[in-house]
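A.B. asks: This is my_file_11.cif (mmCIF, N, CA and C atoms).
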data_start
#
loop_
_atom_site.label_atom_id
_atom_site.label_comp_id
_atom_site.auth_asym_id
_atom_site.auth_seq_id
_atom_site.Cartn_x
_atom_site.Cartn_y
_atom_site.Cartn_z
N MET A 1 63.68 112.42 142.30
CA MET A 1 62.26 112.17 142.44
C MET A 1 61.52 112.73 141.23
N ALA A 2 60.66 111.94 140.66
CA ALA A 2 59.85 112.36 139.52
C ALA A 2 58.69 113.22 140.00
N TYR A 3 58.25 114.08 139.16
CA TYR A 3 57.09 114.90 139.50
C TYR A 3 56.19 115.04 138.28
N TYR A 4 54.95 115.27 138.56
CA TYR A 4 53.92 115.37 137.51
C TYR A 4 54.06 116.71 136.80
N ASP A 5 54.23 116.65 135.48
CA ASP A 5 54.34 117.87 134.67
C ASP A 5 53.31 117.77 133.54
N PRO A 6 52.17 118.48 133.68
CA PRO A 6 51.12 118.37 132.66
C PRO A 6 51.54 118.89 131.28
N SER A 7 52.54 119.76 131.23
CA SER A 7 52.95 120.30 129.93
C SER A 7 53.52 119.21 129.02
N LEU A 8 54.15 118.18 129.60
CA LEU A 8 54.67 117.08 128.79
C LEU A 8 53.55 116.32 128.09
N PHE A 9 52.47 116.10 128.83
CA PHE A 9 51.34 115.37 128.25
C PHE A 9 50.59 116.23 127.23
N GLU A 10 50.54 117.54 127.49
CA GLU A 10 49.90 118.46 126.55
C GLU A 10 50.70 118.51 125.25
N GLN A 11 52.01 118.49 125.36
CA GLN A 11 52.87 118.49 124.18
C GLN A 11 52.65 117.21 123.37
N GLN A 12 52.56 116.06 124.04
CA GLN A 12 52.29 114.81 123.34
C GLN A 12 50.94 114.86 122.64
N ARG A 13 49.94 115.43 123.31
CA ARG A 13 48.61 115.53 122.72
C ARG A 13 48.63 116.43 121.48
N ARG A 14 49.32 117.57 121.58
CA ARG A 14 49.41 118.48 120.42
C ARG A 14 50.13 117.80 119.26
N ASN A 15 51.21 117.09 119.54
CA ASN A 15 51.94 116.39 118.48
C ASN A 15 51.06 115.33 117.82
N LEU A 16 50.32 114.61 118.63
CA LEU A 16 49.40 113.60 118.11
C LEU A 16 48.33 114.24 117.23
N LEU A 17 47.77 115.35 117.69
CA LEU A 17 46.74 116.05 116.92
C LEU A 17 47.32 116.60 115.62
N ASN A 18 48.52 117.12 115.68
CA ASN A 18 49.17 117.67 114.48
C ASN A 18 49.40 116.57 113.44
N THR A 19 49.90 115.43 113.88
CA THR A 19 50.13 114.30 112.98
C THR A 19 48.82 113.80 112.38
N TYR A 20 47.82 113.69 113.24
CA TYR A 20 46.50 113.24 112.78
C TYR A 20 45.94 114.22 111.74
N GLY A 21 46.03 115.50 112.01
CA GLY A 21 45.52 116.50 111.08
C GLY A 21 46.20 116.45 109.73
N GLN A 22 47.52 116.28 109.74
CA GLN A 22 48.27 116.19 108.49
C GLN A 22 47.87 114.95 107.69
N GLN A 23 47.75 113.82 108.39
CA GLN A 23 47.38 112.58 107.70
C GLN A 23 45.98 112.66 107.12
N GLN A 24 45.05 113.25 107.88
CA GLN A 24 43.68 113.35 107.40
C GLN A 24 43.57 114.32 106.23
N ALA A 25 44.33 115.41 106.29
CA ALA A 25 44.32 116.36 105.18
C ALA A 25 44.85 115.71 103.90
N MET A 26 45.94 114.96 104.03
CA MET A 26 46.51 114.28 102.87
C MET A 26 45.55 113.23 102.33
N ASN A 27 44.93 112.47 103.22
CA ASN A 27 43.98 111.44 102.81
C ASN A 27 42.78 112.07 102.09
N THR A 28 42.28 113.19 102.62
CA THR A 28 41.14 113.87 102.00
C THR A 28 41.49 114.38 100.61
N TYR A 29 42.69 114.94 100.48
CA TYR A 29 43.13 115.46 99.18
C TYR A 29 43.31 114.32 98.18
N GLN A 30 43.93 113.23 98.62
CA GLN A 30 44.12 112.07 97.73
C GLN A 30 42.78 111.47 97.33
N ARG A 31 41.83 111.46 98.24
CA ARG A 31 40.50 110.95 97.93
C ARG A 31 39.83 111.82 96.87
N TYR A 32 39.98 113.14 97.04
CA TYR A 32 39.41 114.08 96.06
C TYR A 32 40.02 113.84 94.68
N LEU A 33 41.34 113.69 94.62
CA LEU A 33 42.00 113.45 93.34
C LEU A 33 41.52 112.13 92.72
N ALA A 34 41.42 111.10 93.53
CA ALA A 34 40.96 109.80 93.04
C ALA A 34 39.52 109.89 92.54
N GLU A 35 38.70 110.62 93.26
CA GLU A 35 37.29 110.76 92.85
C GLU A 35 37.19 111.51 91.53
N THR A 36 37.97 112.58 91.40
CA THR A 36 37.97 113.35 90.15
C THR A 36 38.47 112.51 88.99
N GLN A 37 39.56 111.81 89.23
CA GLN A 37 40.14 110.97 88.18
C GLN A 37 39.22 109.79 87.83
N GLY A 38 38.59 109.20 88.83
CA GLY A 38 37.71 108.06 88.59
C GLY A 38 36.39 108.44 87.96
N GLN A 39 35.97 109.69 88.14
CA GLN A 39 34.70 110.14 87.57
C GLN A 39 34.81 110.41 86.07
N ARG A 40 36.01 110.72 85.60
CA ARG A 40 36.19 111.03 84.17
C ARG A 40 35.74 109.92 83.23
N PRO A 41 36.21 108.68 83.42
CA PRO A 41 35.77 107.63 82.50
C PRO A 41 34.26 107.38 82.59
N ILE A 42 33.69 107.56 83.77
CA ILE A 42 32.25 107.39 83.91
C ILE A 42 31.51 108.44 83.10
N THR A 43 31.95 109.67 83.21
CA THR A 43 31.32 110.76 82.45
C THR A 43 31.50 110.53 80.95
N GLU A 44 32.68 110.09 80.54
CA GLU A 44 32.93 109.84 79.12
C GLU A 44 32.02 108.72 78.60
N LEU A 45 31.86 107.67 79.40
CA LEU A 45 30.98 106.57 78.98
C LEU A 45 29.52 107.03 78.90
N GLN A 46 29.11 107.86 79.84
CA GLN A 46 27.73 108.34 79.84
C GLN A 46 27.47 109.28 78.67
N ASP A 47 28.48 110.08 78.31
CA ASP A 47 28.31 111.04 77.23
C ASP A 47 28.55 110.44 75.84
N ALA A 48 29.15 109.27 75.77
CA ALA A 48 29.54 108.70 74.48
C ALA A 48 28.34 108.40 73.59
N ALA A 49 27.24 107.97 74.16
CA ALA A 49 26.10 107.55 73.35
C ALA A 49 25.56 108.67 72.48
N PHE A 50 25.24 109.81 73.08
CA PHE A 50 24.65 110.90 72.31
C PHE A 50 25.43 112.21 72.45
N GLY A 51 26.55 112.17 73.15
CA GLY A 51 27.38 113.36 73.35
C GLY A 51 28.25 113.62 72.13
N VAL A 52 29.47 114.03 72.38
CA VAL A 52 30.40 114.38 71.31
C VAL A 52 30.69 113.18 70.40
N ALA A 53 30.88 112.02 70.99
CA ALA A 53 31.19 110.82 70.19
C ALA A 53 30.01 110.37 69.34
N ARG A 54 28.80 110.61 69.80
CA ARG A 54 27.57 110.28 69.07
C ARG A 54 27.60 108.84 68.55
N GLU A 55 27.89 107.89 69.44
CA GLU A 55 28.02 106.49 69.04
C GLU A 55 26.71 105.90 68.56
N VAL A 56 25.61 106.19 69.23
CA VAL A 56 24.32 105.60 68.84
C VAL A 56 23.87 106.13 67.48
N PRO A 57 23.88 107.45 67.22
CA PRO A 57 23.48 107.91 65.89
C PRO A 57 24.37 107.35 64.78
N ARG A 58 25.66 107.21 65.04
CA ARG A 58 26.55 106.64 64.03
C ARG A 58 26.23 105.16 63.78
N LEU A 59 25.94 104.45 64.88
CA LEU A 59 25.59 103.04 64.76
C LEU A 59 24.31 102.87 63.94
N THR A 60 23.30 103.63 64.26
CA THR A 60 22.03 103.50 63.54
C THR A 60 22.17 103.95 62.08
N ALA A 61 22.98 104.98 61.85
CA ALA A 61 23.17 105.45 60.48
C ALA A 61 23.88 104.40 59.63
N SER A 62 24.86 103.72 60.23
CA SER A 62 25.60 102.72 59.45
C SER A 62 24.69 101.56 59.03
N TYR A 63 23.74 101.18 59.90
CA TYR A 63 22.80 100.12 59.53
C TYR A 63 21.72 100.65 58.58
N GLY A 64 21.38 101.92 58.70
CA GLY A 64 20.40 102.51 57.79
C GLY A 64 20.92 102.58 56.36
N LYS A 65 22.20 102.87 56.22
CA LYS A 65 22.81 102.95 54.88
C LYS A 65 22.77 101.60 54.17
N ARG A 66 22.80 100.53 54.95
CA ARG A 66 22.77 99.20 54.37
C ARG A 66 21.35 98.65 54.24
N GLY A 67 20.37 99.46 54.64
CA GLY A 67 18.98 99.04 54.53
C GLY A 67 18.55 98.07 55.62
N LEU A 68 19.31 98.01 56.72
CA LEU A 68 18.98 97.10 57.81
C LEU A 68 18.23 97.79 58.94
N GLN A 69 18.01 99.09 58.78
CA GLN A 69 17.29 99.84 59.80
C GLN A 69 16.59 101.01 59.13
N GLY A 70 15.40 101.30 59.58
CA GLY A 70 14.65 102.42 59.02
C GLY A 70 13.17 102.22 59.27
N THR A 71 12.35 103.07 58.65
CA THR A 71 10.91 102.98 58.82
C THR A 71 10.40 101.68 58.22
N GLY A 72 9.73 100.89 59.06
CA GLY A 72 9.14 99.63 58.61
C GLY A 72 10.13 98.49 58.49
N VAL A 73 11.39 98.74 58.78
CA VAL A 73 12.40 97.69 58.68
C VAL A 73 12.79 97.25 60.10
N ARG A 74 12.68 95.94 60.37
CA ARG A 74 13.03 95.40 61.70
C ARG A 74 14.08 94.32 61.50
N SER A 75 15.30 94.73 61.35
CA SER A 75 16.38 93.80 61.10
C SER A 75 16.87 93.19 62.41
N GLY A 76 17.02 91.88 62.43
CA GLY A 76 17.56 91.21 63.61
C GLY A 76 19.02 91.55 63.83
N VAL A 77 19.76 91.78 62.76
CA VAL A 77 21.17 92.15 62.85
C VAL A 77 21.29 93.50 63.55
N TYR A 78 20.42 94.43 63.15
CA TYR A 78 20.43 95.76 63.75
C TYR A 78 20.04 95.68 65.23
N GLN A 79 18.99 94.92 65.54
CA GLN A 79 18.54 94.78 66.92
C GLN A 79 19.65 94.16 67.79
N ARG A 80 20.31 93.17 67.23
CA ARG A 80 21.40 92.53 67.99
C ARG A 80 22.56 93.49 68.20
N ALA A 81 22.92 94.26 67.19
CA ALA A 81 24.02 95.22 67.32
C ALA A 81 23.69 96.27 68.38
N LEU A 82 22.44 96.75 68.37
CA LEU A 82 22.01 97.73 69.37
C LEU A 82 22.03 97.12 70.77
N GLY A 83 21.58 95.89 70.88
CA GLY A 83 21.60 95.19 72.17
C GLY A 83 23.02 94.96 72.67
N ASP A 84 23.92 94.55 71.76
CA ASP A 84 25.32 94.36 72.13
C ASP A 84 25.96 95.66 72.58
N TYR A 85 25.65 96.74 71.85
CA TYR A 85 26.18 98.05 72.23
C TYR A 85 25.70 98.43 73.63
N ALA A 86 24.41 98.26 73.88
CA ALA A 86 23.83 98.64 75.17
C ALA A 86 24.41 97.80 76.30
N SER A 87 24.57 96.50 76.09
CA SER A 87 25.10 95.65 77.17
C SER A 87 26.58 95.94 77.42
N THR A 88 27.35 96.17 76.38
CA THR A 88 28.76 96.51 76.54
C THR A 88 28.92 97.84 77.26
N ARG A 89 28.09 98.79 76.88
CA ARG A 89 28.13 100.12 77.52
C ARG A 89 27.75 100.00 79.00
N ALA A 90 26.72 99.25 79.30
CA ALA A 90 26.29 99.08 80.69
C ALA A 90 27.36 98.35 81.51
N LYS A 91 27.97 97.34 80.91
CA LYS A 91 29.03 96.59 81.60
C LYS A 91 30.22 97.49 81.89
N ASN A 92 30.67 98.25 80.91
CA ASN A 92 31.82 99.14 81.10
C ASN A 92 31.52 100.24 82.12
N LEU A 93 30.31 100.76 82.07
CA LEU A 93 29.91 101.78 83.03
C LEU A 93 29.87 101.19 84.44
N GLY A 94 29.35 100.00 84.58
CA GLY A 94 29.32 99.31 85.87
C GLY A 94 30.72 99.06 86.42
N TYR A 95 31.63 98.63 85.54
CA TYR A 95 33.01 98.40 85.97
C TYR A 95 33.65 99.70 86.45
N ALA A 96 33.45 100.77 85.71
CA ALA A 96 34.04 102.06 86.07
C ALA A 96 33.48 102.55 87.41
N GLN A 97 32.18 102.40 87.61
CA GLN A 97 31.58 102.84 88.86
C GLN A 97 32.05 101.97 90.03
N THR A 98 32.18 100.69 89.83
CA THR A 98 32.66 99.79 90.87
C THR A 98 34.12 100.09 91.22
N ASP A 99 34.94 100.32 90.20
CA ASP A 99 36.34 100.66 90.44
C ASP A 99 36.46 101.93 91.27
N LEU A 100 35.67 102.94 90.92
CA LEU A 100 35.69 104.20 91.66
C LEU A 100 35.23 103.99 93.11
N ALA A 101 34.16 103.26 93.28
CA ALA A 101 33.64 103.01 94.63
C ALA A 101 34.66 102.25 95.47
N ASN A 102 35.33 101.26 94.89
CA ASN A 102 36.35 100.50 95.62
C ASN A 102 37.52 101.38 96.03
N GLN A 103 37.95 102.22 95.11
CA GLN A 103 39.08 103.10 95.41
C GLN A 103 38.70 104.09 96.52
N LEU A 104 37.52 104.67 96.44
CA LEU A 104 37.09 105.62 97.46
C LEU A 104 36.89 104.93 98.80
N GLN A 105 36.47 103.68 98.78
CA GLN A 105 36.29 102.94 100.02
C GLN A 105 37.64 102.77 100.74
N GLY A 106 38.70 102.62 99.98
CA GLY A 106 40.04 102.54 100.57
C GLY A 106 40.40 103.81 101.31
N TYR A 107 40.06 104.97 100.73
CA TYR A 107 40.34 106.24 101.40
C TYR A 107 39.46 106.42 102.64
N ASP A 108 38.22 105.97 102.55
CA ASP A 108 37.33 106.04 103.71
C ASP A 108 37.85 105.14 104.84
N LEU A 109 38.38 103.99 104.47
CA LEU A 109 38.96 103.09 105.47
C LEU A 109 40.18 103.72 106.12
N ALA A 110 41.01 104.38 105.32
CA ALA A 110 42.20 105.07 105.86
C ALA A 110 41.78 106.18 106.82
N LYS A 111 40.70 106.87 106.49
CA LYS A 111 40.20 107.93 107.38
C LYS A 111 39.75 107.34 108.71
N THR A 112 39.01 106.25 108.65
CA THR A 112 38.54 105.59 109.87
C THR A 112 39.72 105.08 110.69
N GLN A 113 40.69 104.49 110.03
CA GLN A 113 41.88 103.98 110.73
C GLN A 113 42.66 105.12 111.37
N GLY A 114 42.77 106.24 110.68
CA GLY A 114 43.46 107.40 111.25
C GLY A 114 42.77 107.91 112.50
N GLN A 115 41.45 107.96 112.46
CA GLN A 115 40.68 108.39 113.63
C GLN A 115 40.88 107.42 114.80
N GLU A 116 40.88 106.14 114.47
CA GLU A 116 41.08 105.11 115.51
C GLU A 116 42.47 105.25 116.13
N ASN A 117 43.49 105.46 115.30
CA ASN A 117 44.86 105.64 115.82
C ASN A 117 44.96 106.88 116.71
N TYR A 118 44.29 107.94 116.29
CA TYR A 118 44.29 109.18 117.08
C TYR A 118 43.63 108.94 118.45
N ASP A 119 42.48 108.28 118.44
CA ASP A 119 41.78 107.99 119.69
C ASP A 119 42.62 107.10 120.61
N LEU A 120 43.27 106.09 120.04
CA LEU A 120 44.14 105.22 120.84
C LEU A 120 45.33 105.99 121.39
N GLY A 121 45.88 106.90 120.59
CA GLY A 121 46.99 107.72 121.06
C GLY A 121 46.59 108.59 122.24
N LEU A 122 45.38 109.17 122.16
CA LEU A 122 44.89 109.97 123.29
C LEU A 122 44.72 109.11 124.54
N LYS A 123 44.20 107.91 124.35
CA LYS A 123 44.04 107.00 125.50
C LYS A 123 45.39 106.64 126.10
N ASP A 124 46.40 106.42 125.26
CA ASP A 124 47.74 106.11 125.75
C ASP A 124 48.30 107.28 126.56
N ILE A 125 48.10 108.48 126.08
CA ILE A 125 48.58 109.67 126.80
C ILE A 125 47.89 109.76 128.17
N GLU A 126 46.59 109.52 128.18
CA GLU A 126 45.86 109.57 129.45
C GLU A 126 46.35 108.48 130.41
N SER A 127 46.65 107.31 129.89
CA SER A 127 47.20 106.22 130.72
C SER A 127 48.55 106.61 131.29
N ASP A 128 49.40 107.17 130.44
CA ASP A 128 50.72 107.61 130.91
C ASP A 128 50.58 108.68 131.99
N LYS A 129 49.63 109.58 131.78
CA LYS A 129 49.41 110.65 132.75
C LYS A 129 48.95 110.05 134.09
N ALA A 130 48.02 109.13 134.04
CA ALA A 130 47.52 108.50 135.26
C ALA A 130 48.63 107.71 135.95
N ARG A 131 49.45 107.03 135.17
CA ARG A 131 50.57 106.26 135.72
C ARG A 131 51.58 107.19 136.40
N GLN A 132 51.84 108.34 135.78
CA GLN A 132 52.77 109.31 136.36
C GLN A 132 52.22 109.87 137.67
N ILE A 133 50.94 110.18 137.70
CA ILE A 133 50.31 110.69 138.93
C ILE A 133 50.39 109.65 140.03
N ALA A 134 50.10 108.40 139.69
CA ALA A 134 50.16 107.32 140.69
C ALA A 134 51.58 107.14 141.20
N SER A 135 52.55 107.20 140.31
CA SER A 135 53.94 107.06 140.70
C SER A 135 54.37 108.19 141.63
N ASP A 136 53.96 109.41 141.31
CA ASP A 136 54.29 110.55 142.15
C ASP A 136 53.62 110.43 143.52
N ALA A 137 52.39 109.93 143.54
CA ALA A 137 51.68 109.76 144.80
C ALA A 137 52.40 108.71 145.66
N GLN A 138 52.87 107.64 145.06
CA GLN A 138 53.62 106.62 145.82
C GLN A 138 54.91 107.19 146.37
N ALA A 139 55.57 108.00 145.57
CA ALA A 139 56.82 108.62 146.03
C ALA A 139 56.56 109.54 147.21
N LEU A 140 55.46 110.28 147.15
CA LEU A 140 55.10 111.17 148.28
C LEU A 140 54.76 110.37 149.52
N LEU A 141 54.06 109.27 149.36
CA LEU A 141 53.72 108.42 150.50
C LEU A 141 54.98 107.79 151.11
N ALA A 142 55.94 107.47 150.28
CA ALA A 142 57.18 106.88 150.76
C ALA A 142 57.98 107.88 151.60
N LEU A 143 57.80 109.16 151.34
CA LEU A 143 58.52 110.19 152.09
C LEU A 143 57.99 110.33 153.52
N ARG A 144 56.80 109.93 153.78
CA ARG A 144 56.19 110.08 155.11
C ARG A 144 56.86 109.28 156.10
#
Would it be possible to restate this file's structure as structure tokens?
C.D. replies:
Amino acid sequence: MAYYDPSLFEQQRRNLLNTYGQQQAMNTYQRYLAETQGQRPITELQDAAFGVAREVPRLTASYGKRGLQGTGVRSGVYQRALGDYASTRAKNLGYAQTDLANQLQGYDLAKTQGQENYDLGLKDIESDKARQIASDAQALLALR
């Protein structure tokens, strides 16, 4: 004859919680690494214009040396080069930010899925517990 043993269900719940905790910790750490790694190119692109690379001052200086930029000089070649630089920089920055957001969204989805699996596991344990109680009650009634 089977009998209801709550320790079995508690053990299943602890195992489920332990697995969930490990998966969420790993997902959180991987998300952190991805965010750190994905933020680097964004920071480099943002700093390139006037930071260490000093791309804009070098660009303007190269056109100034040729007399295409300076006080009172409005060169279309210079304006176009500056516009091309700005649009390329904005496009690359947008791509980097989109790539990072997409990658982080994957980790957020994994977190949500992990929570859903944990909740379903708890519901399964509760169903098994209720089924065991009902089975034991039927066995007791059969003894009468």
A.B. asks: May I have the residues within 8 Å of region 135-138 of chain A as a PyMOL selection string, using only C-alpha atoms and disregarding those fewer than 4 positions away in the same chain?
C.D. replies: chain A and resi 2-4+131+142
A.B. asks: Can you measure atom N of Glu116 (chain A) to atom N of Ala101 (chain A) for me? One decimal in Å is fine.
C.D. replies: 22.4 Å
A.B. asks: Considering only C-alpha atoms, state which residue in the set A:Gln22, A:Gln37, A:Asn15, A:Ser7 is at the smallest distance from Gln97 (chain A).
C.D. replies: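 Among A:Gln22, A:Gln37, A:Asn15, A:Ser7, it is A:Gln37 that comes nearest to Gln97 (chain A).
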A.B. asks: Quick one: residues within 8 Å of Lys111 (chain A), all atoms listed in the file counted, chain neighbours fewer than 6 positions away excluded, as a count of residues only?
C.D. replies: 6
A.B. asks: Could you state the separation of CA of Ile133 (chain A) and CA of Pro6 (chain A) in Å, given to one decimal place?
C.D. replies: 9.9 Å
A.B. asks: How many Å lie between CA of Glu126 (chain A) and CA of Arg13 (chain A), rounded to one decimal?
C.D. replies: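 Result for CA of Glu126 (chain A) versus CA of Arg13 (chain A): 9.4 Å, one decimal.
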A.B. asks: As JSON, numbers by chain, list the residues of chain A assigned to strand (DSSP E) by DSSP on the backbone atoms of this structure.
C.D. replies: {"A": [69, 70, 73, 74]}
A.B. asks: On this structure, which residues satisfy the PyMOL selection byres (((chain A and resi 77 and name CA) around 12) and name CA), written as a compact mmCIF listing (two decimals) with N, CA and C atoms, keeping the file's coordinate frame?
C.D. replies:
# COMPACT_ATOMS: atom_id res chain seq x y z
N LEU A 59 25.94 104.45 64.88
CA LEU A 59 25.59 103.04 64.76
C LEU A 59 24.31 102.87 63.94
N THR A 60 23.30 103.63 64.26
CA THR A 60 22.03 103.50 63.54
C THR A 60 22.17 103.95 62.08
N SER A 62 24.86 103.72 60.23
CA SER A 62 25.60 102.72 59.45
C SER A 62 24.69 101.56 59.03
N TYR A 63 23.74 101.18 59.90
CA TYR A 63 22.80 100.12 59.53
C TYR A 63 21.72 100.65 58.58
N GLY A 64 21.38 101.92 58.70
CA GLY A 64 20.40 102.51 57.79
C GLY A 64 20.92 102.58 56.36
N ARG A 66 22.80 100.53 54.95
CA ARG A 66 22.77 99.20 54.37
C ARG A 66 21.35 98.65 54.24
N GLY A 67 20.37 99.46 54.64
CA GLY A 67 18.98 99.04 54.53
C GLY A 67 18.55 98.07 55.62
N LEU A 68 19.31 98.01 56.72
CA LEU A 68 18.98 97.10 57.81
C LEU A 68 18.23 97.79 58.94
N GLN A 69 18.01 99.09 58.78
CA GLN A 69 17.29 99.84 59.80
C GLN A 69 16.59 101.01 59.13
N VAL A 73 11.39 98.74 58.78
CA VAL A 73 12.40 97.69 58.68
C VAL A 73 12.79 97.25 60.10
N ARG A 74 12.68 95.94 60.37
CA ARG A 74 13.03 95.40 61.70
C ARG A 74 14.08 94.32 61.50
N SER A 75 15.30 94.73 61.35
CA SER A 75 16.38 93.80 61.10
C SER A 75 16.87 93.19 62.41
N GLY A 76 17.02 91.88 62.43
CA GLY A 76 17.56 91.21 63.61
C GLY A 76 19.02 91.55 63.83
N TYR A 78 20.42 94.43 63.15
CA TYR A 78 20.43 95.76 63.75
C TYR A 78 20.04 95.68 65.23
N GLN A 79 18.99 94.92 65.54
CA GLN A 79 18.54 94.78 66.92
C GLN A 79 19.65 94.16 67.79
N ARG A 80 20.31 93.17 67.23
CA ARG A 80 21.40 92.53 67.99
C ARG A 80 22.56 93.49 68.20
N ALA A 81 22.92 94.26 67.19
CA ALA A 81 24.02 95.22 67.32
C ALA A 81 23.69 96.27 68.38
N LEU A 82 22.44 96.75 68.37
CA LEU A 82 22.01 97.73 69.37
C LEU A 82 22.03 97.12 70.77
N GLY A 83 21.58 95.89 70.88
CA GLY A 83 21.60 95.19 72.17
C GLY A 83 23.02 94.96 72.67
N ASP A 84 23.92 94.55 71.76
CA ASP A 84 25.32 94.36 72.13
C ASP A 84 25.96 95.66 72.58
A.B. asks: Considering only C-alpha atoms, state which residue in the set A:Ala139, A:Gln115, A:Lys123, A:Asp108 is at the smallest distance from Ala34 (chain A).
C.D. replies: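 Among A:Ala139, A:Gln115, A:Lys123, A:Asp108, it is A:Asp108 that comes nearest to Ala34 (chain A).
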A.B. asks: Write down as a ChimeraX atom specification the residues of region 18-107 of chain A whose backbone DSSP state falls under alpha helix (DSSP H).
C.D. replies: /A:18-48,55-65,76-107
A.B. asks: Taking into account only C-alpha atoms, which residue in the set A:Leu109, A:Leu100, A:Leu17, A:Val56 is nearest to Leu33 (chain A)?
C.D. replies: A:Leu100
A.B. asks: Can you tell me, as a short mmCIF file (atom, residue, chain, number, x, y, z; two decimals) with N, CA and C atoms, in the frame of the given file, which residues sit within 5 Å of (47.3, 113.3, 122.3) in the file's frame, using all atoms listed in the file?
C.D. replies:
data_model
loop_
_atom_site.label_atom_id
_atom_site.label_comp_id
_atom_site.auth_asym_id
_atom_site.auth_seq_id
_atom_site.Cartn_x
_atom_site.Cartn_y
_atom_site.Cartn_z
N GLN A 12 52.56 116.06 124.04
CA GLN A 12 52.29 114.81 123.34
C GLN A 12 50.94 114.86 122.64
N ARG A 13 49.94 115.43 123.31
CA ARG A 13 48.61 115.53 122.72
C ARG A 13 48.63 116.43 121.48
N ARG A 14 49.32 117.57 121.58
CA ARG A 14 49.41 118.48 120.42
C ARG A 14 50.13 117.80 119.26
N LEU A 16 50.32 114.61 118.63
CA LEU A 16 49.40 113.60 118.11
C LEU A 16 48.33 114.24 117.23
N GLY A 121 45.88 106.90 120.59
CA GLY A 121 46.99 107.72 121.06
C GLY A 121 46.59 108.59 122.24
N LEU A 122 45.38 109.17 122.16
CA LEU A 122 44.89 109.97 123.29
C LEU A 122 44.72 109.11 124.54
#
A.B. asks: Could you check which of A:Asp5, A:Gly114, A:Pro41, A:Arg58 is closest to Met26 (chain A), using only C-alpha atoms?
C.D. replies: A:Gly114
A.B. asks: Rank A:Ile125, A:Ala134, A:Ala110, A:Leu140 by their smallest atom-to-atom distance to Tyr20 (chain A), using only C-alpha atoms, and report the top residue only.
C.D. replies: A:Ala110
A.B. asks: My list of candidates is A:Ala61, A:Leu104, A:Ala25, A:Ala49. Which is closest to Thr88 (chain A) when distances are computed with only C-alpha atoms?
C.D. replies: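 Ranked by minimum distance to Thr88 (chain A), first place goes to A:Ala49.
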A.B. asks: Kindly write C-alpha atoms of region 78-126 of chain A from the structure just given to a file, as an mmCIF file, in the first residue's frame.
C.D. replies:
data_model
loop_
_atom_site.group_PDB
_atom_site.id
_atom_site.type_symbol
_atom_site.label_atom_id
_atom_site.label_comp_id
_atom_site.auth_asym_id
_atom_site.auth_seq_id
_atom_site.Cartn_x
_atom_site.Cartn_y
_atom_site.Cartn_z
ATOM 1 C CA TYR A 78 34.871 69.089 -47.134
ATOM 2 C CA GLN A 79 31.159 69.322 -46.270
ATOM 3 C CA ARG A 80 30.491 66.033 -48.051
ATOM 4 C CA ALA A 81 33.401 64.288 -46.303
ATOM 5 C CA LEU A 82 32.156 65.518 -42.922
ATOM 6 C CA GLY A 83 28.621 64.386 -43.757
ATOM 7 C CA ASP A 84 29.851 60.970 -44.916
ATOM 8 C CA TYR A 85 31.889 60.590 -41.745
ATOM 9 C CA ALA A 86 28.905 61.519 -39.564
ATOM 10 C CA SER A 87 26.494 59.176 -41.360
ATOM 11 C CA THR A 88 28.947 56.259 -41.320
ATOM 12 C CA ARG A 89 29.639 56.841 -37.635
ATOM 13 C CA ALA A 90 25.915 57.019 -36.826
ATOM 14 C CA LYS A 91 25.207 53.881 -38.875
ATOM 15 C CA ASN A 92 27.995 51.886 -37.195
ATOM 16 C CA LEU A 93 26.950 53.098 -33.757
ATOM 17 C CA GLY A 94 23.342 52.122 -34.493
ATOM 18 C CA TYR A 95 24.404 48.656 -35.649
ATOM 19 C CA ALA A 96 26.505 48.124 -32.528
ATOM 20 C CA GLN A 97 23.675 49.234 -30.243
ATOM 21 C CA THR A 98 21.144 47.051 -32.071
ATOM 22 C CA ASP A 99 23.461 44.034 -31.922
ATOM 23 C CA LEU A 100 23.927 44.514 -28.177
ATOM 24 C CA ALA A 101 20.197 44.948 -27.576
ATOM 25 C CA ASN A 102 19.403 41.805 -29.595
ATOM 26 C CA GLN A 103 21.970 39.756 -27.730
ATOM 27 C CA LEU A 104 20.732 40.962 -24.336
ATOM 28 C CA GLN A 105 17.153 40.266 -25.369
ATOM 29 C CA GLY A 106 18.143 36.631 -25.870
ATOM 30 C CA TYR A 107 19.387 36.436 -22.278
ATOM 31 C CA ASP A 108 16.230 38.130 -21.024
ATOM 32 C CA LEU A 109 14.174 35.579 -22.939
ATOM 33 C CA ALA A 110 16.196 32.739 -21.385
ATOM 34 C CA LYS A 111 15.530 34.225 -17.947
ATOM 35 C CA THR A 112 11.796 34.373 -18.613
ATOM 36 C CA GLN A 113 11.794 30.823 -19.979
ATOM 37 C CA GLY A 114 13.696 29.589 -16.929
ATOM 38 C CA GLN A 115 11.145 31.180 -14.614
ATOM 39 C CA GLU A 116 8.321 29.635 -16.627
ATOM 40 C CA ASN A 117 9.940 26.179 -16.436
ATOM 41 C CA TYR A 118 10.404 26.572 -12.686
ATOM 42 C CA ASP A 119 6.759 27.569 -12.200
ATOM 43 C CA LEU A 120 5.576 24.636 -14.330
ATOM 44 C CA GLY A 121 7.808 22.281 -12.359
ATOM 45 C CA LEU A 122 6.265 23.479 -9.103
ATOM 46 C CA LYS A 123 2.791 22.952 -10.546
ATOM 47 C CA ASP A 124 3.757 19.422 -11.614
ATOM 48 C CA ILE A 125 4.992 18.642 -8.107
ATOM 49 C CA GLU A 126 1.747 19.936 -6.629
#
